Amino acid sequence: MAQRESARALFDSLLIANRGEIACRILRTARAMGIRTVAVYSEADTEAQHVKLADSAFCIGPAAAAESYLRVDRILEAARQSDAQAIHPGYGFLAENADFAEACAAAGVIFVGPPPSAIRAMGSKSEAKALMERAAVPLVPGYHGAEQDEALLAEQARKIGFPVLIKASAGGGGKGMRVVEKPGDFKAALAGARREAMASFGDDRVLIEKYLTKPRHIEIQIFRDSHGNGVHLNERDCSVQRRHQKVLEEAPAPGMTSARRAEMGQAAVAAAEAIDYLGAGTVEFIVEDEQFYFMEMNTRLQVEHPVTEAITGLDLVAWQLCVAAGEALPITQEQVALRGHAIEARLYAEDAERDFLPATGDLRRLRFPEAVEGLRIDSGVLEGDRVSPFYDPMIAKVIAWGETRDEALRRLRQGLDSIRVAGCRTNLAFLGRALRHEAFAAGGVDTGFIAREAGKLLKPGLSEPGQVLTAAALHQLQLRRRETAAQAASSSDPNSPWFTCDGWRLNAETAQPMRFSWGEDICDVTLGFGPGSAGVDEGMRITLAGKTLPVSFQQRPDGDLAIALGDRRYVAGVLDEGDDRLVFLQGEIFRLGFLDPQAHAGEGADAGGSLTAPMPGKVTAVLVKQGERVTQGQALIVLEAMKMEHTLLAPADSQVVALHFAVGDLVEDGVELLTLEPVEA
C-alpha cells in the first residue's frame, strides 16, 4: 500500500497515450490507485471504451495513427490542457520512442517508462546486439552493422548461410521481418521488409540473422528502479506465433529448470543494468538445444504481461507508476513468487484459414464468460463496437491460471469455448484447436508449431454434422417464431390462429423445410410436428440426410441452446452474421449459409480475369504495368493492413489488362484491383 500512496503523492493525474485493450488496462489500475485519468483518441475512436472509461478525453486527430496516436505535439498539448502530470505510453505507438520520452521531460511531464538513453540503446536491434556482444551475452550468428547497401546485405546473407531472417532494426511485433530460404528470394524479401519497417517505425534499416529451424521464444520480465535495484519476475514462453507475432503465451516456460531460470534471469538483469534501465522491460531470448541467445529487449510493458501477474500476484502497471514516482521496488529477488501456471490466448479479428488476414467489422455479438474462477479477460471493446482497419485487430486477451499447467489449460479451453462473437471473422476456433493439440498439451513447442501443424490447426475438427445442422435449424425456428410473435403483437387480432407458430395442427402432420449451405454442400433439413400435439414442440422431429430423430430444446439464460437429439444431449450456440449462421459447438465454429426460399438469389459477378482485395487496406506497391505479361505466382500488388504487408500473386499466366488502383489508394475488401486476361504459358 505504501507504494501506491507514494505514487499519488508525486502525481495524481495520468494521461494514457494509447487506445484499446492496453489503455483500458492502465485505466483500471490508475483508478484503483486514486489517480485521475485522461484519454486521447482519434476520430475513429470517438465511441471507444477507453474514452468512456477515462475521467476526461481529448481528440488528437484523424483515424490514421500517423495523424493522431503518433503525434507527439498533440498528445503533449492534451497533457497541458488536462493538467496531466504523467504520461503512460502503453505498448506500440510511441511506447519505445526516445524522442517522445525526451519531449515529455522537456514539457515537465513524467514519462512512465525508461530514460531516452535506454530506449535508444535497445531501440535499434543492431546496436542492442552490439552492446550485448560486448557484455558477453550469447548472440545468434548474423550481421548487425550500420552499412545497409543491398549488395552488402545479400553478401552477408550468403556468408551466414540460408535460411536467414531479415529483421527491422527498429521496432518489433513481427513487422519488417522476412524469412528467406534461398538467395533468389533475398532481393524481394529485403524490399518488403524495408517498406514494412518504414511504415511501422519510420526506419527501414535491417539486420540479418541465421534462421534457427526449431527455436523456442522465451523472455524474461525485468524491473529496475531509480535506486539501483533490479529484479526479474520469472520467464514467459511465447513460442506459439504466426507471422512472427505471438498468439499463445504462458508462464512459467514448460521444462524450465530453476538453474536455467536463474541463469537467464541474471543475464536479463545484467542487460538492464548495462543501460541504466528504469521501469518494466522484457529481455527476449531464442532457445534451441539448451542454448539461449539474446534476441532483443522491449523497453515497455508487454502484451503478455498478465501471465506474469498471475503467477507472481503483482500488478505490473502499479509497479510502473510507483517506479516512475521515484519509489524503490517493494520486494527483492528472493521474494519474487512463482505460484501455479498461467496461459494467455490473444483473440484477434482475423481469418486464420486465409493466412491470418486481418478482418474488420461491427461486433454485433460479443459475449465473454463471467466470474469464472482463474479466468481473466482483458479487452478494449464491447458488443456493438467496430474493429477498424486502422489499428491492431485484437479483440481481447483471455488469461487462465491454475495450480498446475493442466488446470490452467482446461480453464482456458473452457473459457474460449464460452465466448460468442459475430460480426467479423476471428481466430477463436483456431485458438481452441491449438490448445487441444497434443504437442501443445505436452508443452515445449517451438516457433514453427503453427506452420508445421497447419493441417490440423486451420481446419475444423471432426464433429457430428447432424448436431451442427440441428442447432442451425432450431435457431431458424426461433427466428421465425419471433418474427411471427412481432407480427401478432402489431395485429388487430393478436390471438388469430394464423399467428400460431408452435407447429400444432388439429388432424395433420406439419413440416417446416429449411435449406443451408455448408462449404460447397447444400443441406436440407425438415422439422416435423405430429397431429394433435398438446404442447409447444411436443413430438417434434428432425429429418436430415434421410434419417429422422426426435428433437427438443431449451434456450439457456446465456442464449445457447440445450438440445436433445435422439439419445444425444449437447449445448450449442448460434449467432447470425448476415445470411450466415455461426454454430458454436465443442470449441469449433461452423459457418452455414441460410438459403431463404423467399429471397431472390442474386447472380454473383464472374471473378475470372480479376484480382480482388482479400481485406481492406492500403496499396503500398504496384509491381506490374498495364499490358505486362505475368506468370503464375508472380507478385502483382502489395497491400498493407494493420501495419502488415500482404503480397497478392498472379493466379495463372496472364496479361494485365487494367490497373484500377495506385500506390497510396485505400481499398475495401473484395474490390477488383486489376483485370487479367489469361494467356498461354
# chains A, B, ... in the order shown; residues from 1 in each chain; ligands from 1
call {"tool": "residues_around", "arguments": {"residues": "region 209-222 of chain A", "least_positions_apart": "4", "cutoff": "8 Å", "atoms": "only C-alpha atoms", "output": "PyMOL selection string"}}
result
chain A and resi 140-143+157+160-167+179+230-239+253+264-265+268-269+272+280-288+308+444-448
call {"tool": "write_last_selection", "arguments": {"atoms": "C-alpha atoms", "output": "tab-separated table (two decimals), in the first residue's frame"}}
result
chain	number	residue	atom	x	y	z
A	140	VAL	CA	22.63	-15.68	-32.90
A	141	PRO	CA	25.16	-15.52	-35.78
A	142	GLY	CA	24.34	-12.58	-38.04
A	143	TYR	CA	25.09	-9.15	-39.46
A	157	ALA	CA	23.28	-13.36	-46.00
A	160	ILE	CA	25.71	-16.53	-42.79
A	161	GLY	CA	24.09	-19.30	-44.82
A	162	PHE	CA	20.45	-19.75	-45.82
A	163	PRO	CA	17.84	-19.76	-44.46
A	164	VAL	CA	18.27	-16.29	-42.99
A	165	LEU	CA	15.95	-13.91	-41.19
A	166	ILE	CA	15.68	-10.25	-42.24
A	167	LYS	CA	14.55	-8.11	-39.29
A	179	VAL	CA	12.38	-15.49	-43.65
A	230	GLY	CA	16.73	-4.73	-10.17
A	231	VAL	CA	14.78	-7.99	-10.25
A	232	HIS	CA	13.46	-10.44	-12.78
A	233	LEU	CA	9.92	-11.74	-12.44
A	234	ASN	CA	10.46	-15.17	-13.99
A	235	GLU	CA	10.02	-16.09	-17.64
A	236	ARG	CA	7.32	-16.45	-20.28
A	237	ASP	CA	7.25	-18.89	-23.18
A	238	CYS	CA	5.94	-17.13	-26.30
A	239	SER	CA	6.80	-19.76	-28.92
A	253	ALA	CA	8.03	-21.95	-19.55
A	264	MET	CA	18.65	-16.33	-17.93
A	265	GLY	CA	17.24	-14.01	-15.27
A	268	ALA	CA	18.44	-10.17	-18.36
A	269	VAL	CA	19.00	-8.05	-15.25
A	272	ALA	CA	19.18	-3.79	-17.97
A	280	ALA	CA	9.37	-2.54	-16.77
A	281	GLY	CA	11.23	-4.25	-19.60
A	282	THR	CA	11.46	-7.60	-21.30
A	283	VAL	CA	14.61	-9.32	-22.49
A	284	GLU	CA	13.77	-11.82	-25.23
A	285	PHE	CA	15.83	-14.91	-25.92
A	286	ILE	CA	15.82	-17.57	-28.61
A	287	VAL	CA	16.41	-21.01	-27.09
A	288	GLU	CA	17.50	-24.06	-29.09
A	308	THR	CA	3.44	-12.86	-15.14
A	444	GLY	CA	7.59	-27.04	-25.10
A	445	VAL	CA	6.56	-26.39	-28.71
A	446	ASP	CA	8.83	-24.30	-30.93
A	447	THR	CA	8.11	-21.25	-33.10
A	448	GLY	CA	7.40	-23.43	-36.14
call {"tool": "select_by_dssp", "arguments": {"residues": "region 415-648 of chain A", "states": "strand (DSSP E)", "output": "number ranges by chain"}}
result
A: 420-422, 510-518, 521-529, 541-544, 547-555, 561-565, 568-577, 580-585, 588-594, 610-612, 617-622, 629-630, 635-641, 644-648
call {"tool": "residues_around", "arguments": {"residues": "Asp665 (chain A)", "least_positions_apart": "3", "cutoff": "7 Å", "atoms": "only C-alpha atoms", "output": "list of chain:residue names"}}
result
A:Lys618, A:Val619, A:Phe661, A:Ala662
call {"tool": "residues_around", "arguments": {"residues": "Ala30 (chain A)", "least_positions_apart": "4", "cutoff": "12 Å", "atoms": "only C-alpha atoms", "output": "PyMOL selection string"}}
result
chain A and resi 4-5+7-8+11-16+23-26+34-38+53-55+86-88+315-322
call {"tool": "atom_distance", "arguments": {"atom1": "CA of Tyr91 (chain A)", "atom2": "CA of Asp392 (chain A)"}}
result
11.4 Å
call {"tool": "select_by_dssp", "arguments": {"residues": "region 283-328 of chain A", "states": "helix (DSSP H, G or I)", "output": "VMD selection string"}}
result
chain A and resid 305 to 312 316 to 324
call {"tool": "write_last_selection", "arguments": {"atoms": "C-alpha atoms", "output": "PDB file, in the first residue's frame"}}
result
ATOM      1  CA  HIS A 305       2.283  -9.280 -19.002  1.00  0.00           C
ATOM      2  CA  PRO A 306      -0.911 -10.724 -17.403  1.00  0.00           C
ATOM      3  CA  VAL A 307       0.567 -14.242 -17.234  1.00  0.00           C
ATOM      4  CA  THR A 308       3.439 -12.865 -15.144  1.00  0.00           C
ATOM      5  CA  GLU A 309       0.942 -11.055 -12.923  1.00  0.00           C
ATOM      6  CA  ALA A 310      -0.980 -14.308 -12.498  1.00  0.00           C
ATOM      7  CA  ILE A 311       1.985 -16.359 -11.236  1.00  0.00           C
ATOM      8  CA  THR A 312       3.549 -13.598  -9.105  1.00  0.00           C
ATOM      9  CA  LEU A 316       2.913  -4.569 -13.099  1.00  0.00           C
ATOM     10  CA  VAL A 317       1.182  -1.341 -14.113  1.00  0.00           C
ATOM     11  CA  ALA A 318       1.074  -0.289 -10.448  1.00  0.00           C
ATOM     12  CA  TRP A 319       4.792  -1.078 -10.242  1.00  0.00           C
ATOM     13  CA  GLN A 320       5.408   1.086 -13.313  1.00  0.00           C
ATOM     14  CA  LEU A 321       3.588   4.038 -11.791  1.00  0.00           C
ATOM     15  CA  CYS A 322       5.371   3.711  -8.449  1.00  0.00           C
ATOM     16  CA  VAL A 323       8.817   3.420 -10.058  1.00  0.00           C
ATOM     17  CA  ALA A 324       8.012   6.462 -12.194  1.00  0.00           C
TER      18      ALA A 324
END
call {"tool": "residues_around", "arguments": {"residues": "region 417-432 of chain A", "least_positions_apart": "3", "cutoff": "7 Å", "atoms": "only C-alpha atoms", "output": "list in words"}}
result
Leu347, Tyr348, Ala349, Glu350, Asp351, Ala352, Ala359, Thr360, Gly361, Asp362, Leu363, Arg364, Arg365, Leu366, Arg367, Phe368, Pro369, Arg413, Gln414, Leu435, Arg436, Leu457, Leu458, Leu575, Glu577, Gln586, Gly587, Glu588 and Ile589 of chain A
call {"tool": "residues_around", "arguments": {"residues": "region 512-518 of chain A", "least_positions_apart": "6", "cutoff": "8 Å", "atoms": "only C-alpha atoms", "output": "compact mmCIF listing (two decimals) with N, CA and C atoms, in the first residue's frame"}}
result
# COMPACT_ATOMS: atom_id res chain seq x y z
N ALA A 473 -31.01 -25.32 -37.49
CA ALA A 473 -32.43 -25.39 -37.80
C ALA A 473 -33.29 -24.91 -36.62
N ASP A 524 -30.39 -30.09 -46.74
CA ASP A 524 -31.82 -29.92 -46.49
C ASP A 524 -32.17 -30.49 -45.13
N VAL A 525 -32.93 -29.71 -44.36
CA VAL A 525 -33.35 -30.10 -43.02
C VAL A 525 -34.85 -29.85 -42.92
N THR A 526 -35.58 -30.79 -42.29
CA THR A 526 -37.02 -30.63 -42.10
C THR A 526 -37.37 -30.85 -40.64
N LEU A 527 -38.07 -29.88 -40.06
CA LEU A 527 -38.63 -30.03 -38.73
C LEU A 527 -40.09 -30.44 -38.87
N GLY A 528 -40.47 -31.55 -38.26
CA GLY A 528 -41.83 -32.06 -38.37
C GLY A 528 -42.55 -32.05 -37.04
N ARG A 591 -19.63 -22.34 -40.04
CA ARG A 591 -20.33 -21.28 -40.77
C ARG A 591 -21.25 -21.90 -41.81
N LEU A 592 -22.55 -21.71 -41.63
CA LEU A 592 -23.56 -22.20 -42.55
C LEU A 592 -24.31 -21.01 -43.15
N GLY A 593 -24.64 -21.09 -44.40
CA GLY A 593 -25.46 -20.06 -45.02
C GLY A 593 -26.91 -20.49 -45.02
N PHE A 594 -27.82 -19.60 -44.60
CA PHE A 594 -29.24 -19.92 -44.66
C PHE A 594 -29.78 -19.51 -46.02
N LEU A 595 -30.32 -20.46 -46.74
CA LEU A 595 -30.84 -20.21 -48.09
C LEU A 595 -32.34 -19.99 -47.97
N ASP A 596 -32.72 -18.73 -47.92
CA ASP A 596 -34.13 -18.37 -47.75
C ASP A 596 -34.86 -18.58 -49.07
